[in-house]
$ cat upload_33.cif   # mmCIF, C-alpha atoms
data_input
loop_
_atom_site.group_PDB
_atom_site.id
_atom_site.type_symbol
_atom_site.label_atom_id
_atom_site.label_comp_id
_atom_site.auth_asym_id
_atom_site.auth_seq_id
_atom_site.Cartn_x
_atom_site.Cartn_y
_atom_site.Cartn_z
ATOM 1 C CA MET A 1 -7.272 10.501 78.438
ATOM 2 C CA THR A 2 -6.662 9.855 74.758
ATOM 3 C CA THR A 3 -3.015 9.049 75.541
ATOM 4 C CA ILE A 4 -4.260 6.042 77.524
ATOM 5 C CA PHE A 5 -6.314 4.914 74.530
ATOM 6 C CA TYR A 6 -3.308 5.254 72.225
ATOM 7 C CA ALA A 7 -1.175 3.257 74.682
ATOM 8 C CA GLY A 8 -3.759 0.466 74.966
ATOM 9 C CA LEU A 9 -4.149 0.098 71.217
ATOM 10 C CA LEU A 10 -0.355 0.205 70.787
ATOM 11 C CA ILE A 11 -0.040 -2.657 73.302
ATOM 12 C CA CYS A 12 -2.603 -4.578 71.188
ATOM 13 C CA CYS A 13 -0.536 -3.959 68.042
ATOM 14 C CA PHE A 14 2.649 -5.247 69.672
ATOM 15 C CA LEU A 15 0.897 -8.368 71.022
ATOM 16 C CA CYS A 16 -0.371 -9.087 67.484
ATOM 17 C CA LEU A 17 3.133 -8.560 66.072
ATOM 18 C CA TYR A 18 4.508 -10.975 68.684
ATOM 19 C CA ARG A 19 2.071 -13.613 67.421
ATOM 20 C CA VAL A 20 3.017 -12.847 63.811
ATOM 21 C CA GLY A 21 6.658 -13.411 64.686
ATOM 22 C CA THR A 22 6.383 -16.569 66.772
ATOM 23 C CA GLY A 23 3.252 -18.251 65.425
ATOM 24 C CA PRO A 24 4.085 -21.916 64.830
ATOM 25 C CA SER A 25 1.894 -22.297 61.736
ATOM 26 C CA ALA A 26 0.633 -20.175 58.863
ATOM 27 C CA PRO A 27 -2.991 -19.803 60.142
ATOM 28 C CA ASP A 28 -1.668 -18.275 63.386
ATOM 29 C CA ARG A 29 0.006 -15.520 61.419
ATOM 30 C CA THR A 30 -3.093 -15.006 59.265
ATOM 31 C CA VAL A 31 -5.287 -14.585 62.361
ATOM 32 C CA ALA A 32 -2.819 -12.126 63.876
ATOM 33 C CA ILE A 33 -2.731 -9.978 60.734
ATOM 34 C CA ASP A 34 -6.535 -9.941 60.546
ATOM 35 C CA ILE A 35 -6.753 -8.800 64.183
ATOM 36 C CA LEU A 36 -4.049 -6.187 63.567
ATOM 37 C CA GLY A 37 -6.168 -4.706 60.775
ATOM 38 C CA THR A 38 -9.180 -4.426 63.066
ATOM 39 C CA VAL A 39 -7.088 -2.757 65.790
ATOM 40 C CA VAL A 40 -5.740 -0.228 63.272
ATOM 41 C CA VAL A 41 -9.329 0.709 62.372
ATOM 42 C CA GLY A 42 -9.898 1.592 66.031
ATOM 43 C CA PHE A 43 -6.648 3.560 66.068
ATOM 44 C CA CYS A 44 -7.806 5.637 63.086
ATOM 45 C CA ALA A 45 -11.111 6.319 64.881
ATOM 46 C CA ILE A 46 -9.305 7.684 67.944
ATOM 47 C CA LEU A 47 -7.073 9.772 65.694
ATOM 48 C CA SER A 48 -10.129 11.202 63.961
ATOM 49 C CA LEU A 49 -11.687 12.047 67.339
ATOM 50 C CA VAL A 50 -8.565 13.889 68.521
ATOM 51 C CA THR A 51 -7.873 15.898 65.386
ATOM 52 C CA GLY A 52 -11.508 16.486 64.382
ATOM 53 C CA LYS A 53 -10.835 15.583 60.760
ATOM 54 C CA ASP A 54 -12.896 12.949 59.011
ATOM 55 C CA PHE A 55 -10.495 11.618 56.371
ATOM 56 C CA TYR A 56 -8.832 9.289 58.905
ATOM 57 C CA LEU A 57 -12.037 7.240 58.824
ATOM 58 C CA ASN A 58 -11.701 6.961 55.037
ATOM 59 C CA ILE A 59 -8.300 5.399 55.710
ATOM 60 C CA ALA A 60 -9.913 3.088 58.287
ATOM 61 C CA LEU A 61 -12.578 1.957 55.806
ATOM 62 C CA GLY A 62 -10.004 1.260 53.111
ATOM 63 C CA TRP A 63 -7.793 -0.596 55.574
ATOM 64 C CA ALA A 64 -10.708 -2.777 56.742
ATOM 65 C CA LEU A 65 -11.637 -3.588 53.134
ATOM 66 C CA LEU A 66 -8.096 -4.564 52.139
ATOM 67 C CA SER A 67 -7.597 -6.570 55.342
ATOM 68 C CA PHE A 68 -10.792 -8.524 54.668
ATOM 69 C CA ILE A 69 -9.877 -9.299 51.068
ATOM 70 C CA GLY A 70 -6.327 -10.293 52.010
ATOM 71 C CA THR A 71 -7.541 -12.578 54.783
ATOM 72 C CA LEU A 72 -10.012 -14.291 52.459
ATOM 73 C CA ALA A 73 -7.292 -14.808 49.845
ATOM 74 C CA LEU A 74 -4.906 -16.301 52.422
ATOM 75 C CA ALA A 75 -7.630 -18.579 53.801
ATOM 76 C CA LYS A 76 -8.410 -19.819 50.317
ATOM 77 C CA PHE A 77 -4.714 -20.400 49.709
ATOM 78 C CA LEU A 78 -4.511 -22.396 52.956
ATOM 79 C CA GLU A 79 -7.290 -24.653 51.744
ATOM 80 C CA GLY A 80 -5.043 -25.678 48.872
ATOM 81 C CA ARG A 81 -6.998 -24.027 46.084
ATOM 82 C CA ASN A 82 -5.826 -21.592 43.461
ATOM 83 C CA PHE A 83 -6.896 -17.967 43.427
ATOM 84 C CA ASP A 84 -9.035 -18.277 40.295
ATOM 85 C CA GLU A 85 -11.336 -21.100 41.457
ATOM 86 C CA MET B 1 -23.238 14.135 79.248
ATOM 87 C CA SER B 2 -22.667 12.556 75.862
ATOM 88 C CA ASP B 3 -18.914 13.038 76.377
ATOM 89 C CA VAL B 4 -19.034 10.889 79.514
ATOM 90 C CA ILE B 5 -21.041 8.139 77.785
ATOM 91 C CA GLY B 6 -18.708 8.216 74.791
ATOM 92 C CA TYR B 7 -15.534 8.015 76.868
ATOM 93 C CA ILE B 8 -16.972 5.117 78.892
ATOM 94 C CA LEU B 9 -17.783 3.272 75.640
ATOM 95 C CA ILE B 10 -14.287 3.907 74.264
ATOM 96 C CA THR B 11 -12.672 2.720 77.516
ATOM 97 C CA ILE B 12 -14.670 -0.521 77.480
ATOM 98 C CA GLY B 13 -13.779 -1.005 73.819
ATOM 99 C CA VAL B 14 -10.047 -0.556 74.381
ATOM 100 C CA LEU B 15 -10.198 -2.961 77.332
ATOM 101 C CA PHE B 16 -11.912 -5.574 75.134
ATOM 102 C CA ASP B 17 -9.218 -5.076 72.488
ATOM 103 C CA ILE B 18 -6.451 -5.643 75.056
ATOM 104 C CA PHE B 19 -8.139 -8.761 76.450
ATOM 105 C CA GLY B 20 -8.593 -10.183 72.959
ATOM 106 C CA CYS B 21 -4.940 -9.614 72.087
ATOM 107 C CA ILE B 22 -3.823 -11.195 75.383
ATOM 108 C CA GLY B 23 -5.958 -14.199 74.411
ATOM 109 C CA LEU B 24 -4.281 -14.201 70.997
ATOM 110 C CA VAL B 25 -0.899 -14.546 72.697
ATOM 111 C CA ARG B 26 -1.781 -16.850 75.604
ATOM 112 C CA PHE B 27 -4.054 -19.526 74.152
ATOM 113 C CA PRO B 28 -2.557 -22.841 73.043
ATOM 114 C CA ASP B 29 -4.146 -23.507 69.665
ATOM 115 C CA VAL B 30 -5.115 -21.830 66.380
ATOM 116 C CA TYR B 31 -8.818 -22.398 66.967
ATOM 117 C CA ASN B 32 -8.745 -21.135 70.557
ATOM 118 C CA ARG B 33 -6.826 -18.062 69.452
ATOM 119 C CA LEU B 34 -9.355 -17.422 66.694
ATOM 120 C CA GLN B 35 -12.212 -17.775 69.171
ATOM 121 C CA ALA B 36 -10.729 -15.339 71.682
ATOM 122 C CA ALA B 37 -9.274 -12.738 69.372
ATOM 123 C CA THR B 38 -12.004 -12.406 66.763
ATOM 124 C CA LYS B 39 -14.948 -12.037 69.129
ATOM 125 C CA CYS B 40 -13.300 -9.716 71.641
ATOM 126 C CA VAL B 41 -11.622 -7.459 69.095
ATOM 127 C CA THR B 42 -14.750 -7.163 66.939
ATOM 128 C CA LEU B 43 -16.876 -6.101 69.917
ATOM 129 C CA GLY B 44 -14.173 -3.774 71.231
ATOM 130 C CA THR B 45 -13.627 -1.963 67.949
ATOM 131 C CA ILE B 46 -17.366 -1.570 67.324
ATOM 132 C CA MET B 47 -17.843 -0.094 70.805
ATOM 133 C CA LEU B 48 -14.904 2.244 70.176
ATOM 134 C CA LEU B 49 -16.413 3.466 66.903
ATOM 135 C CA ILE B 50 -19.827 3.970 68.511
ATOM 136 C CA GLY B 51 -18.165 5.895 71.335
ATOM 137 C CA VAL B 52 -16.470 8.205 68.831
ATOM 138 C CA ALA B 53 -19.816 8.716 67.068
ATOM 139 C CA VAL B 54 -21.523 9.576 70.374
ATOM 140 C CA ILE B 55 -18.861 12.109 71.349
ATOM 141 C CA VAL B 56 -18.651 13.898 67.993
ATOM 142 C CA GLY B 57 -22.366 14.445 67.615
ATOM 143 C CA PHE B 58 -23.839 14.589 64.132
ATOM 144 C CA ASN B 59 -21.474 15.217 61.233
ATOM 145 C CA ALA B 60 -19.347 13.347 58.677
ATOM 146 C CA ILE B 61 -17.289 11.521 61.315
ATOM 147 C CA THR B 62 -20.456 9.954 62.763
ATOM 148 C CA ALA B 63 -21.649 8.663 59.394
ATOM 149 C CA LYS B 64 -18.259 7.187 58.500
ATOM 150 C CA ALA B 65 -17.823 5.615 61.949
ATOM 151 C CA ILE B 66 -21.213 3.888 61.692
ATOM 152 C CA VAL B 67 -20.381 2.633 58.181
ATOM 153 C CA CYS B 68 -17.073 1.267 59.505
ATOM 154 C CA ALA B 69 -18.842 -0.443 62.437
ATOM 155 C CA VAL B 70 -21.387 -2.172 60.188
ATOM 156 C CA PHE B 71 -18.642 -3.253 57.785
ATOM 157 C CA ILE B 72 -16.538 -4.777 60.579
ATOM 158 C CA LEU B 73 -19.611 -6.444 62.072
ATOM 159 C CA VAL B 74 -20.275 -8.181 58.729
ATOM 160 C CA THR B 75 -16.754 -9.041 57.587
ATOM 161 C CA SER B 76 -14.878 -10.082 60.732
ATOM 162 C CA PRO B 77 -16.865 -13.284 61.451
ATOM 163 C CA THR B 78 -16.722 -14.159 57.749
ATOM 164 C CA ALA B 79 -12.926 -13.910 57.740
ATOM 165 C CA ALA B 80 -12.681 -15.929 60.969
ATOM 166 C CA HIS B 81 -14.847 -18.690 59.511
ATOM 167 C CA ALA B 82 -12.735 -18.808 56.352
ATOM 168 C CA ILE B 83 -9.485 -18.982 58.360
ATOM 169 C CA ALA B 84 -10.846 -21.763 60.584
ATOM 170 C CA LYS B 85 -11.898 -23.865 57.593
ATOM 171 C CA GLY B 86 -8.589 -23.204 55.843
ATOM 172 C CA ALA B 87 -6.588 -24.193 58.919
ATOM 173 C CA HIS B 88 -8.566 -27.386 59.363
ATOM 174 C CA VAL B 89 -8.248 -28.392 55.702
ATOM 175 C CA SER B 90 -4.521 -27.582 55.632
ATOM 176 C CA GLY B 91 -3.993 -30.050 58.472
ATOM 177 C CA VAL B 92 -3.270 -27.969 61.580
ATOM 178 C CA SER B 93 -3.982 -30.294 64.500
ATOM 179 C CA LEU B 94 -6.087 -29.416 67.530
ATOM 180 C CA TRP B 95 -4.726 -28.939 71.036
ATOM 181 C CA GLU B 96 -4.144 -32.340 72.650
ATOM 182 C CA LYS B 97 -6.707 -31.662 75.414
ATOM 183 C CA SER B 98 -9.520 -30.774 72.984
ATOM 184 C CA VAL B 99 -12.512 -33.051 73.433
ATOM 185 C CA VAL B 100 -14.577 -32.790 70.242
ATOM 186 C CA ASP B 101 -13.943 -32.162 66.529
ATOM 187 C CA LYS B 102 -17.309 -32.110 64.771
ATOM 188 C CA TYR B 103 -15.981 -30.853 61.428
ATOM 189 C CA ALA B 104 -13.727 -33.933 61.104
ATOM 190 C CA ASP B 105 -16.729 -36.160 61.893
ATOM 191 C CA GLU B 106 -18.733 -34.451 59.122
ATOM 192 C CA VAL B 107 -15.899 -34.935 56.622
ATOM 193 C CA ASP B 108 -15.617 -38.613 57.594
ATOM 194 C CA LYS B 109 -19.356 -39.087 57.099
ATOM 195 C CA LYS B 110 -19.211 -37.516 53.648
ATOM 196 C CA THR B 111 -16.297 -39.650 52.471
ATOM 197 C CA ASP B 112 -17.809 -42.941 53.719
#
$ encode --input "upload_33.cif" --output "structure tokens"
Amino acid sequence: MTTIFYAGLLICCFLCLYRVGTGPSAPDRTVAIDILGTVVVGFCAILSLVTGKDFYLNIALGWALLSFIGTLALAKFLEGRNFDE
Amino acid sequence: MSDVIGYILITIGVLFDIFGCIGLVRFPDVYNRLQAATKCVTLGTIMLLIGVAVIVGFNAITAKAIVCAVFILVTSPTAAHAIAKGAHVSGVSLWEKSVVDKYADEVDKKTD
């Protein structure tokens, strides 16, 4: 059962990486990386369910935080502003 | 019983994730891709985390999964809004069959 979940989330990761590779503009790639971060959070949750250890969800929380901050920084950079405004 | 409910929630969540990523690949435009991917993947991952919390019961995994779900629920729409505004300001054009662009109308009204 959990193998099917791993396979589905892995398909999601490869679809996101396809969009990162072929996206015609910079916002396409930014969206794909944001979505990839959210999918990896789900992956860590499944991993934590299978192994019964809770530190995988610490990794998920840190990954979500860094993904959010990175996406905001890239969006601000796309607007043409500097990082210190 | 709670195992069955949890596995059903996780299955629905993974299906939503796959549909959102298919939308990310198939749609023609940055804004359409943002619309499809952000909503579907946010809902799917939150359902997946709630499913894990239902299966595990009541321990540290449950608390951390609920914290993760609330965090994603708050931050994912914020990031999508920031990307959409950044894309529009940086000059990415809409799909040629799009019918309305209200943000451009607002900007025109402000500059007039």
$ atom_distance --input "upload_33.cif" --atom1 "CA of Lys85 (chain B)" --atom2 "CA of Lys109 (chain B)"
17.0 Å
$ resolve_selection --input "upload_33.cif" --expression "the PyMOL selection byres ((chain A and resi 2-12) around 6)" --output "list in words"
Met1, Cys13, Phe14 and Leu15 of chain A; Ile18 and Cys21 of chain B
$ residues_around --input "upload_33.cif" --residues "Ile50 (chain B)" --least-positions-apart "4" --cutoff "7 Å" --atoms "all atoms listed in the file" --output "mmCIF file with C-alpha atoms, in the frame of the given file"
data_model
loop_
_atom_site.group_PDB
_atom_site.id
_atom_site.type_symbol
_atom_site.label_atom_id
_atom_site.label_comp_id
_atom_site.auth_asym_id
_atom_site.auth_seq_id
_atom_site.Cartn_x
_atom_site.Cartn_y
_atom_site.Cartn_z
ATOM 1 C CA ILE B 46 -17.366 -1.570 67.324
ATOM 2 C CA VAL B 54 -21.523 9.576 70.374
ATOM 3 C CA ILE B 66 -21.213 3.888 61.692
#
$ interface_residues --input "upload_33.cif" --of "chain B" --to "chain A" --cutoff "6 Å" --atoms "all atoms listed in the file" --output "list in words"
Ile18, Cys21, Val30, Thr45, Ile61, Cys68, Ala82, Ile83, Gly86, Ala87, Val89 and Ser90 of chain B
$ atom_distance --input "upload_33.cif" --atom1 "CA of Asp29 (chain B)" --atom2 "CA of Gly37 (chain A)"
20.9 Å
$ resolve_selection --input "upload_33.cif" --expression "the PyMOL selection byres ((chain B and resi 38) around 8)" --output "list of chain:residue names"
A:Ile35, B:Gly20, B:Leu34, B:Gln35, B:Ala36, B:Ala37, B:Lys39, B:Cys40, B:Val41, B:Thr42, B:Ser76, B:Pro77, B:Ala80
$ write_last_selection --input "upload_33.cif" --atoms "C-alpha atoms" --output "PDB file, keeping the file's coordinate frame"
ATOM      1  CA  ILE A  35      -6.753  -8.800  64.183  1.00  0.00           C
TER       2      ILE A  35
ATOM      3  CA  GLY B  20      -8.593 -10.183  72.959  1.00  0.00           C
ATOM      4  CA  LEU B  34      -9.355 -17.422  66.694  1.00  0.00           C
ATOM      5  CA  GLN B  35     -12.212 -17.775  69.171  1.00  0.00           C
ATOM      6  CA  ALA B  36     -10.729 -15.339  71.682  1.00  0.00           C
ATOM      7  CA  ALA B  37      -9.274 -12.738  69.372  1.00  0.00           C
ATOM      8  CA  LYS B  39     -14.948 -12.037  69.129  1.00  0.00           C
ATOM      9  CA  CYS B  40     -13.300  -9.716  71.641  1.00  0.00           C
ATOM     10  CA  VAL B  41     -11.622  -7.459  69.095  1.00  0.00           C
ATOM     11  CA  THR B  42     -14.750  -7.163  66.939  1.00  0.00           C
ATOM     12  CA  SER B  76     -14.878 -10.082  60.732  1.00  0.00           C
ATOM     13  CA  PRO B  77     -16.865 -13.284  61.451  1.00  0.00           C
ATOM     14  CA  ALA B  80     -12.681 -15.929  60.969  1.00  0.00           C
TER      15      ALA B  80
END
$ atom_distance --input "upload_33.cif" --atom1 "CA of Ile55 (chain B)" --atom2 "CA of Ile5 (chain B)"
7.9 Å
$ axis_aligned_box --input "upload_33.cif" --around "region 63-66 of chain A" --padding-each-side "5 Å" --output "JSON"
{"center_x": -9.7, "center_y": -2.6, "center_z": 54.4, "size_x": 13.8, "size_y": 14.0, "size_z": 14.6}
